[in-house]
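The data block below is input16.cif; it holds mmCIF, C-alpha atoms.
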```cif
data_target
#
loop_
_atom_site.label_atom_id
_atom_site.label_comp_id
_atom_site.auth_asym_id
_atom_site.auth_seq_id
_atom_site.Cartn_x
_atom_site.Cartn_y
_atom_site.Cartn_z
CA MET A 1 46.66 117.16 100.73
CA SER A 2 49.87 115.19 100.58
CA GLU A 3 52.44 116.43 103.04
CA ALA A 4 55.12 114.29 101.43
CA LEU A 5 54.40 115.84 98.02
CA ALA A 6 54.58 119.30 99.59
CA ALA A 7 57.95 118.42 101.14
CA ALA A 8 59.32 117.27 97.78
CA LEU A 9 58.10 120.38 95.98
CA THR A 10 59.51 122.64 98.69
CA ALA A 11 62.98 121.09 98.45
CA LEU A 12 62.97 121.23 94.64
CA GLY A 13 61.62 124.76 94.43
CA ASP A 14 63.87 126.17 97.13
CA ASP A 15 67.02 124.79 95.48
CA GLU A 16 66.07 126.45 92.20
CA LEU A 17 64.96 129.72 93.79
CA VAL A 18 68.03 130.22 95.95
CA LEU A 19 70.58 129.10 93.39
CA GLY A 20 68.77 131.11 90.71
CA HIS A 21 69.06 134.15 92.94
CA ARG A 22 72.80 133.59 93.43
CA HIS A 23 73.28 133.08 89.69
CA SER A 24 71.46 136.34 89.01
CA GLU A 25 74.05 138.20 91.08
CA TRP A 26 76.43 137.74 88.12
CA THR A 27 74.29 139.96 85.93
CA GLY A 28 76.58 142.79 84.87
CA TYR A 29 79.69 141.09 86.28
CA ALA A 30 80.20 137.83 84.39
CA PRO A 31 83.58 137.30 82.64
CA HIS A 32 82.35 138.59 79.28
CA LEU A 33 79.23 140.09 77.80
CA GLU A 34 77.91 137.00 76.02
CA GLU A 35 78.34 134.89 79.13
CA ASP A 36 76.70 137.60 81.20
CA VAL A 37 73.60 137.26 79.04
CA ALA A 38 73.79 133.46 78.98
CA PHE A 39 74.23 133.09 82.73
CA SER A 40 71.54 135.63 83.49
CA SER A 41 69.23 133.66 81.25
CA ILE A 42 70.04 130.47 83.13
CA ALA A 43 69.34 132.31 86.39
CA GLN A 44 65.93 133.31 85.03
CA ASP A 45 65.27 129.72 83.98
CA GLU A 46 65.98 128.51 87.51
CA ILE A 47 63.66 131.11 89.04
CA GLY A 48 61.10 130.06 86.41
CA HIS A 49 61.41 126.45 87.55
CA ALA A 50 60.97 127.54 91.14
CA THR A 51 57.80 129.37 90.08
CA ALA A 52 56.52 126.20 88.42
CA TYR A 53 57.24 124.06 91.50
CA PHE A 54 55.68 126.66 93.80
CA THR A 55 52.60 126.94 91.60
CA LEU A 56 52.05 123.22 92.11
CA LEU A 57 52.89 123.52 95.79
CA ALA A 58 50.44 126.40 96.18
CA LYS A 59 47.66 124.12 94.95
CA VAL A 60 48.70 121.38 97.35
CA ILE A 61 48.90 123.52 100.49
CA GLY A 62 46.49 126.30 99.54
CA SER A 63 48.82 129.28 99.18
CA ASP A 64 50.21 131.38 96.36
CA PRO A 65 53.60 131.06 94.67
CA ASP A 66 54.86 134.51 95.68
CA ARG A 67 54.03 133.95 99.31
CA ILE A 68 55.82 130.60 99.21
CA ALA A 69 58.88 132.08 97.50
CA LEU A 70 59.21 135.28 99.51
CA GLY A 71 56.87 135.16 102.47
CA ARG A 72 58.55 132.53 104.60
CA ASP A 73 60.87 132.91 107.54
CA LYS A 74 64.48 131.89 107.01
CA GLY A 75 63.99 128.58 108.78
CA GLY A 76 61.16 127.66 106.43
CA TYR A 77 63.45 127.14 103.46
CA ARG A 78 64.57 123.62 102.56
CA HIS A 79 67.27 124.17 99.93
CA ALA A 80 70.68 122.53 100.10
CA ILE A 81 73.23 124.76 101.83
CA LEU A 82 75.40 124.70 98.70
CA CYS A 83 72.77 126.82 96.92
CA GLU A 84 72.98 129.69 99.40
CA ARG A 85 76.76 130.16 99.33
CA PRO A 86 77.98 133.43 97.83
CA ASN A 87 79.38 133.30 94.31
CA HIS A 88 82.99 133.95 95.34
CA GLU A 89 84.66 133.99 91.94
CA TRP A 90 83.77 132.57 88.55
CA ALA A 91 85.58 129.26 89.22
CA TYR A 92 83.46 128.66 92.31
CA THR A 93 80.28 129.59 90.48
CA LEU A 94 81.15 127.35 87.54
CA ALA A 95 82.02 124.40 89.78
CA ARG A 96 78.76 124.83 91.70
CA HIS A 97 76.76 125.26 88.49
CA TRP A 98 78.24 122.03 87.13
CA LEU A 99 77.85 119.99 90.30
CA TYR A 100 74.33 121.27 90.97
CA ASP A 101 73.05 120.74 87.45
CA THR A 102 74.64 117.29 87.33
CA ALA A 103 72.86 116.47 90.59
CA ASP A 104 69.62 118.00 89.34
CA GLU A 105 69.71 115.93 86.14
CA ILE A 106 70.06 112.76 88.21
CA ARG A 107 67.21 113.83 90.48
CA LEU A 108 64.93 114.84 87.59
CA GLU A 109 65.60 111.62 85.71
CA SER A 110 64.20 109.76 88.68
CA LEU A 111 61.30 112.17 89.21
CA GLU A 112 59.97 111.51 85.72
CA GLN A 113 58.61 108.31 87.33
CA CYS A 114 56.90 110.28 90.11
CA SER A 115 53.47 108.91 91.06
CA ASP A 116 52.05 112.43 91.03
CA GLU A 117 51.09 113.01 87.40
CA GLU A 118 51.50 116.77 87.54
CA LEU A 119 54.96 116.68 89.08
CA ALA A 120 56.05 113.97 86.63
CA ALA A 121 54.86 116.10 83.69
CA LEU A 122 56.50 119.23 85.08
CA THR A 123 59.73 117.31 85.58
CA ARG A 124 59.80 116.30 81.93
CA LYS A 125 59.32 119.90 80.92
CA ILE A 126 61.96 121.29 83.26
CA ARG A 127 64.41 118.57 82.34
CA ARG A 128 64.48 119.81 78.77
CA GLU A 129 65.87 123.13 79.96
CA GLU A 130 68.14 121.58 82.53
CA ARG A 131 69.73 119.51 79.78
CA TYR A 132 70.79 122.77 78.18
CA HIS A 133 72.09 124.10 81.51
CA LEU A 134 74.20 121.00 81.88
CA LEU A 135 75.52 121.36 78.34
CA HIS A 136 76.51 124.93 79.22
CA ALA A 137 78.25 123.82 82.42
CA ASP A 138 79.96 120.86 80.73
CA SER A 139 81.23 123.06 77.91
CA TRP A 140 82.80 125.52 80.34
CA MET A 141 84.27 122.74 82.47
CA LYS A 142 85.94 121.12 79.46
CA ARG A 143 87.52 124.37 78.39
CA VAL A 144 88.76 125.45 81.80
CA ALA A 145 90.03 121.95 82.61
CA ARG A 146 92.10 121.90 79.41
CA GLY A 147 93.06 125.55 79.61
CA PRO A 148 95.91 127.44 81.29
CA VAL A 149 97.08 126.31 84.69
CA GLU A 150 95.67 129.28 86.62
CA GLY A 151 92.07 128.64 85.67
CA ARG A 152 92.52 124.91 86.02
CA THR A 153 93.92 125.27 89.53
CA LYS A 154 91.11 127.59 90.58
CA LEU A 155 88.55 125.14 89.22
CA MET A 156 90.14 122.22 91.04
CA ASP A 157 90.22 124.17 94.29
CA ALA A 158 86.59 125.10 93.86
CA ILE A 159 85.43 121.56 93.12
CA GLY A 160 87.44 120.17 96.02
CA GLY A 161 85.88 122.72 98.33
CA ILE A 162 82.34 122.30 97.05
CA LEU A 163 82.08 118.54 96.67
CA PRO A 164 81.41 117.81 100.37
CA GLU A 165 78.62 120.41 100.42
CA ALA A 166 77.21 119.11 97.14
CA MET A 167 76.34 115.94 99.04
CA GLY A 168 73.79 118.09 100.84
CA ILE A 169 71.68 118.13 97.66
CA PHE A 170 70.96 114.50 98.46
CA GLU A 171 70.15 114.84 102.12
CA GLU A 172 66.85 113.14 102.78
CA ILE A 173 63.90 115.38 102.14
CA GLU A 174 61.36 115.76 104.90
CA LEU A 175 58.97 112.81 105.08
CA GLU A 176 61.21 110.99 102.63
CA GLU A 177 60.15 107.55 103.84
CA THR A 178 56.51 108.32 103.03
CA ALA A 179 57.45 110.02 99.77
CA VAL A 180 59.41 106.97 98.63
CA LYS A 181 56.66 104.58 99.73
CA GLU A 182 54.04 106.57 97.83
CA GLY A 183 56.22 106.77 94.73
CA LEU A 184 56.41 110.55 94.99
CA TRP A 185 60.19 110.37 95.44
CA PRO A 186 60.86 107.34 93.25
CA THR A 187 64.51 106.87 94.23
CA PRO A 188 65.77 107.26 97.81
CA SER A 189 68.14 110.21 98.20
CA SER A 190 70.99 107.96 99.34
CA GLU A 191 70.77 106.07 96.04
CA LEU A 192 70.61 109.31 94.05
CA ARG A 193 73.72 110.45 95.90
CA GLN A 194 75.54 107.27 94.91
CA ARG A 195 74.58 107.81 91.26
CA PHE A 196 75.81 111.39 91.54
CA LEU A 197 79.16 110.30 92.98
CA ASP A 198 79.64 107.61 90.33
CA HIS A 199 78.74 109.98 87.53
CA THR A 200 80.79 112.89 88.85
CA GLY A 201 83.78 110.62 89.44
CA SER A 202 83.85 109.36 85.88
CA LYS A 203 83.23 112.85 84.48
CA LEU A 204 86.18 114.21 86.46
CA ASP A 205 88.26 111.32 85.13
CA GLU A 206 87.32 112.33 81.61
CA LEU A 207 88.29 115.92 82.36
CA GLY A 208 91.62 114.78 83.76
CA LEU A 209 90.97 116.29 87.19
CA PRO A 210 90.56 113.35 89.61
CA THR A 211 93.95 113.23 91.33
CA GLU A 212 93.98 116.88 92.14
CA ILE A 213 90.37 116.75 93.25
CA HIS A 214 91.23 114.06 95.75
CA ALA A 215 94.18 116.07 97.02
CA HIS A 216 92.08 119.17 97.47
CA ALA A 217 89.14 117.30 98.88
CA THR A 218 91.35 115.86 101.61
CA GLU A 219 92.18 119.31 102.89
CA ARG A 220 88.62 119.62 104.09
CA ALA A 221 87.26 116.12 104.10
CA GLU A 222 88.49 112.77 102.96
CA PHE A 223 86.43 110.64 100.63
CA VAL A 224 86.75 107.02 101.61
CA ALA A 225 84.88 103.89 100.63
CA SER A 226 82.46 102.72 103.31
CA SER A 227 81.63 99.07 103.88
CA SER A 228 78.70 99.40 101.48
CA GLY A 229 81.03 100.75 98.81
CA ASP A 230 79.62 104.25 99.21
CA LEU A 231 82.02 107.09 99.00
CA ILE A 232 81.50 109.01 102.18
CA ALA A 233 83.17 112.16 103.28
CA GLU A 234 84.95 112.01 106.60
CA ALA A 235 85.77 115.25 108.32
CA GLY A 236 89.52 115.80 108.17
CA ALA A 237 91.61 116.74 111.18
CA ASP A 238 91.63 120.39 110.14
CA ALA A 239 87.97 120.44 109.21
CA GLY A 240 87.17 122.52 112.28
CA GLN A 241 83.65 123.87 112.12
CA GLU A 242 82.95 122.45 108.67
CA PRO A 243 79.90 120.25 109.10
CA SER A 244 79.98 116.73 107.73
CA PRO A 245 77.60 116.21 104.79
CA ASP A 246 75.21 114.16 106.89
CA GLU A 247 74.85 117.09 109.26
CA LEU A 248 74.52 119.93 106.78
CA GLY A 249 70.82 120.23 107.48
CA GLY A 250 69.63 122.42 104.59
CA ARG A 251 66.75 120.04 103.94
CA ARG A 252 65.70 120.40 107.56
CA GLY A 253 65.78 124.19 107.50
CA ARG A 254 69.23 124.69 109.00
CA HIS A 255 71.07 127.39 107.12
CA THR A 256 74.23 129.42 107.41
CA ALA A 257 74.87 133.14 107.95
CA ASP A 258 75.26 133.36 104.15
CA PHE A 259 71.56 132.74 103.83
CA ASP A 260 70.65 135.49 106.32
CA GLN A 261 71.98 138.14 103.96
CA LEU A 262 70.55 136.50 100.87
CA TRP A 263 67.13 136.18 102.51
CA GLU A 264 67.18 139.88 103.45
CA ASP A 265 67.96 140.85 99.84
CA MET A 266 65.59 138.41 98.26
CA THR A 267 62.54 139.04 100.42
CA GLY A 268 63.10 142.69 101.38
CA GLN A 269 60.75 144.17 98.79
CA TYR A 270 58.07 141.60 99.47
CA ARG A 271 58.17 142.26 103.20
CA ALA A 272 58.30 146.06 102.80
CA HIS A 273 55.16 146.14 100.63
CA PRO A 274 52.77 143.45 101.85
CA GLY A 275 50.26 142.40 99.22
CA ALA A 276 51.88 144.38 96.41
CA THR A 277 51.84 142.92 92.90
CA TRP A 278 53.99 143.94 89.97
CA MET B 1 84.26 120.89 45.23
CA ASP B 2 82.50 122.32 48.25
CA VAL B 3 79.05 123.61 48.94
CA TYR B 4 79.06 127.33 49.75
CA GLU B 5 76.12 129.03 51.43
CA VAL B 6 75.34 132.45 49.95
CA PHE B 7 74.20 135.55 51.85
CA ARG B 8 73.33 138.92 50.36
CA ARG B 9 72.14 142.29 51.61
CA HIS B 10 70.81 145.49 50.08
CA GLY B 11 72.30 148.32 52.10
CA HIS B 12 74.46 148.76 55.17
CA LYS B 13 71.46 148.91 57.45
CA GLU B 14 69.92 145.67 56.22
CA PRO B 15 70.92 142.30 57.65
CA PHE B 16 72.59 139.73 55.44
CA GLU B 17 70.04 137.17 54.33
CA HIS B 18 70.60 133.65 53.26
CA CYS B 19 69.55 133.25 49.63
CA GLY B 20 70.87 129.87 48.51
CA ALA B 21 73.95 127.76 47.88
CA VAL B 22 76.47 127.14 45.12
CA ILE B 23 79.01 124.42 44.41
CA ALA B 24 82.53 125.71 43.84
CA PRO B 25 86.18 124.64 44.26
CA ASP B 26 87.22 127.66 46.37
CA PRO B 27 85.84 130.91 47.87
CA GLU B 28 86.84 133.05 44.89
CA MET B 29 84.91 130.87 42.45
CA ALA B 30 82.05 130.59 44.92
CA LEU B 31 81.72 134.39 44.91
CA LEU B 32 81.64 134.47 41.11
CA MET B 33 79.03 131.72 40.95
CA ALA B 34 76.99 133.37 43.68
CA LYS B 35 77.07 136.74 41.91
CA GLU B 36 75.72 135.14 38.73
CA CYS B 37 73.13 133.00 40.46
CA PHE B 38 71.82 135.42 43.07
CA LEU B 39 72.69 139.00 42.05
CA ARG B 40 71.62 139.03 38.43
CA ARG B 41 68.87 141.62 38.89
CA ARG B 42 70.31 144.06 41.43
CA GLU B 43 68.85 142.03 44.29
CA ALA B 44 71.57 143.28 46.61
CA SER B 45 74.79 145.24 46.83
CA HIS B 46 76.76 143.01 49.23
CA LEU B 47 77.60 139.36 48.99
CA TRP B 48 79.03 136.76 51.38
CA VAL B 49 79.85 133.12 50.84
CA THR B 50 80.92 130.62 53.46
CA ARG B 51 81.63 126.93 53.25
CA ARG B 52 78.69 124.92 54.51
CA ALA B 53 81.19 122.84 56.49
CA ASP B 54 82.12 125.97 58.45
CA ILE B 55 78.57 126.49 59.65
CA HIS B 56 77.75 125.00 63.04
CA SER B 57 74.46 124.00 64.49
CA PHE B 58 73.27 122.06 67.53
CA GLN B 59 73.07 118.35 66.86
CA ASP B 60 69.95 118.24 68.96
CA GLU B 61 67.83 121.27 68.16
CA SER B 62 65.22 120.37 70.75
CA LEU B 63 67.58 122.35 73.01
CA LEU B 64 66.23 125.46 71.32
CA GLU B 65 62.67 124.82 72.38
CA ILE B 66 61.45 126.99 75.19
CA ALA B 67 60.15 124.62 77.81
CA SER B 68 58.73 126.78 80.55
CA ASP B 69 56.87 130.05 80.86
CA LYS B 70 59.01 132.88 79.51
CA SER B 71 56.34 135.58 79.43
CA TYR B 72 58.57 137.82 81.54
CA ARG B 73 60.90 138.13 78.57
CA PHE B 74 58.20 139.77 76.46
CA ALA B 75 57.02 143.35 76.68
CA GLU B 76 53.35 142.26 76.64
CA ALA B 77 53.82 140.72 80.07
CA TYR B 78 54.37 144.23 81.48
CA ARG B 79 51.51 145.97 79.71
CA ASP B 80 49.51 146.39 82.93
CA VAL B 81 52.36 148.49 84.34
CA VAL B 82 50.85 151.48 82.50
CA THR B 83 47.48 151.20 84.24
CA LYS B 84 49.18 150.54 87.55
CA ARG B 85 51.26 153.68 87.12
CA GLU B 86 48.16 155.71 86.34
CA ARG B 87 46.45 154.34 89.41
CA ALA B 88 49.50 155.11 91.54
CA ARG B 89 49.60 158.66 90.16
CA ALA B 90 45.92 159.20 90.91
CA ARG B 91 46.43 157.90 94.40
CA ALA B 92 49.42 160.18 94.91
CA GLN B 93 47.35 163.18 93.85
CA GLU B 94 44.54 162.13 96.14
CA ILE B 95 46.95 161.96 99.05
CA ALA B 96 48.48 165.34 98.12
CA SER B 97 45.15 167.17 97.89
#
```

Show me the file's structure as C-alpha cells.
Amino acid sequence: MSEALAAALTALGDDELVLGHRHSEWTGYAPHLEEDVAFSSIAQDEIGHATAYFTLLAKVIGSDPDRIALGRDKGGYRHAILCERPNHEWAYTLARHWLYDTADEIRLESLEQCSDEELAALTRKIRREERYHLLHADSWMKRVARGPVEGRTKLMDAIGGILPEAMGIFEEIELEETAVKEGLWPTPSSELRQRFLDHTGSKLDELGLPTEIHAHATERAEFVASSSGDLIAEAGADAGQEPSPDELGGRRGRHTADFDQLWEDMTGQYRAHPGATW
Amino acid sequence: MDVYEVFRRHGHKEPFEHCGAVIAPDPEMALLMAKECFLRRREASHLWVTRRADIHSFQDESLLEIASDKSYRFAEAYRDVVTKRERARARAQEIAS
C-alpha cells in the first residue's frame, strides 16, 4: 500500500466531502428556486466525487468508503479549513465556490499526470464535472461583479476575507515529498499555489475587482511579493488570532470550532447506528 | 429572411414539440408558413415560432455528459428500501410480541 497515495486521496476526498456538505446546507434557502436546484446538484456532485476518491482510498488502505467519510474522528480529516467554514451569506458562498473550484481545476489539471493510473483516470472524469462547476461560479461572479453596488461590495468583502484561507487549499499534503517523488502528486503544492494566485489575479482583473480586493485583503492580511516573486500573505497588525496561511493546518488535521459542529451533523447518524446501511 | 423554428402541441396538457423550421421575413409570416407546412392535417391545435437566432445552447455540449455515478438520482437506486422496510417491520413485530 502507498501511504503517499492514501494521503493524496484523503486530502482530495475530504475537501470535496466537507465543502459538498456545506453547499448542501443551501438546499431550500438559495436565492431563487432554480439556483437552489443547481447548487444542490453541485453539492451532490462534490459528495459524489468524495465517494469516488474514498472508494479508491478504501482499496488502498483496506476500508470502506462510508467508514472513511463518516467514521473518523475530527482530527482525522485533512480538508482545507476554508471548506469547513459556515456559509454565512450567498456572497461568501459564491466567493468560496469560485475560489475553491478555480483551485480544484488547477489541482486536477496537474493530477491528470498522476503516476497512479486509477487516480489519473478518475481525475479526468471528475474534471469534466468540475469544468461545469467552474462555469457556474464564473457566470455568477461576472454578473455580481458587474451588478449593483451592494452585491458587488459584498462579493469584494467576501473574496478579501476568504483569499488568505484559500491558500490553505495548497498547504502541503502529508508525505508530499514522497508523493511528488513518486509522481503521485505531479506538481508541488507551492507551485500549484503560485498558479492559483496568478490565475485568480488575472481573473479578478478581468472582473474589475482587483483594487478593492487588495484594500479588503489588507484589513486581514497583506499580500506582498516575496523575494522569489511569490505573493505571500503577511498577517496584518489587526490580524489578531487569524492564522497565517502557512499555519492553517487543515492538511495536518488541525481544524476550527466550525468543523466541530459540522462533524457532529455530518457523522451523527452514522455514529448513532453503527453498521447501518441505507 | 430568418430561419424560424416551429413548435406545435395538441392540447393544453401536451408539451410543445419541435416539428421543423421555416424561412420567413418576420414572426407573422413565419406563423403563416408554419401553419401551412406543419398543421395541414390537424396535427395540433397550438403553434409557436421562434427565431433560430434566439435559441441558445452550450457551445461545448460535453458539459451535459454525466461524468460520475448519479444512481442516487434515480428511483431504482432506492428499490431495496421496500425490502428493508419489510424487514424492519417484521423485526418490530418480533420485538413487540

**Study point:** Interface residues on chain A facing chain B, 7 Å, all atoms listed in the file, written as a list in words
**Key:** Gly48, Lys125, Ile126, Arg128, Glu129 and Tyr132 of chain A

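Across the structure, atom CA of A:Leu134 and atom CA of A:Asp101 are spaced 5.7 Å apart.
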
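With atom CA of B:His56 on one side and atom CA of B:Ala24 on the other, the separation reads 19.8 Å.
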
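Contact shell of B:Ile23 at 8 Å (all atoms listed in the file; same-chain neighbours under 5 positions omitted): B:Met1, B:Asp2, B:Val3, B:Tyr4, B:Ala30.
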
Dump C-alpha atoms for the selected residues as a short mmCIF file (atom, residue, chain, number, x, y, z; two decimals), in the coordinates of the input?
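Ended up saving to selection_4.cif:
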```cif
data_model
loop_
_atom_site.label_atom_id
_atom_site.label_comp_id
_atom_site.auth_asym_id
_atom_site.auth_seq_id
_atom_site.Cartn_x
_atom_site.Cartn_y
_atom_site.Cartn_z
CA MET B 1 84.26 120.89 45.23
CA ASP B 2 82.50 122.32 48.25
CA VAL B 3 79.05 123.61 48.94
CA TYR B 4 79.06 127.33 49.75
CA ALA B 30 82.05 130.59 44.92
#
```

Exercise for review: Tell me which protein, DNA and RNA residues are within 9 Å of A:Thr200, counting all atoms listed in the file, leaving out same-chain ones fewer than 6 positions away, and put them as a ChimeraX atom specification.
Suggested key: /A:99,102-103

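Between B:Val22 and the residues B:Arg8, B:Arg87, B:Arg40, B:Lys35, the shortest atom-to-atom distance, using all atoms listed in the file, involves B:Lys35.
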
Excluding stretch 192-194 of chain A and its own-chain neighbours fewer than 6 positions away, which residues fall within 7 Å of it when counting only C-alpha atoms? Please give them as an mmCIF file with C-alpha atoms, keeping the file's coordinate frame.
```cif
data_model
loop_
_atom_site.group_PDB
_atom_site.id
_atom_site.type_symbol
_atom_site.label_atom_id
_atom_site.label_comp_id
_atom_site.auth_asym_id
_atom_site.auth_seq_id
_atom_site.Cartn_x
_atom_site.Cartn_y
_atom_site.Cartn_z
ATOM 1 C CA ILE A 106 70.060 112.760 88.210
ATOM 2 C CA ARG A 107 67.210 113.830 90.480
ATOM 3 C CA MET A 167 76.340 115.940 99.040
ATOM 4 C CA PHE A 170 70.960 114.500 98.460
ATOM 5 C CA ASP A 230 79.620 104.250 99.210
#
```

Check your understanding: What's the 8 Å shell around A:Gly249, counting only C-alpha atoms, without same-chain residues fewer than 2 positions away, as a ChimeraX atom specification?
Key -> /A:80-81,168,171,246-247,251-255

Practice item. Taking the file above as input, evaluate the PyMOL selection byres ((chain B and resi 6) around 6) and report the hits as a list in words. Key: Glu5, Phe7, His18, Cys19, Gly20, Ala21, Trp48 and Val49 of chain B

Check your understanding: From the list A:Ala69, A:Leu82, A:Ala91, A:Ala257, which residue is nearest A:Tyr270 when using all atoms listed in the file?
Key -> A:Ala69
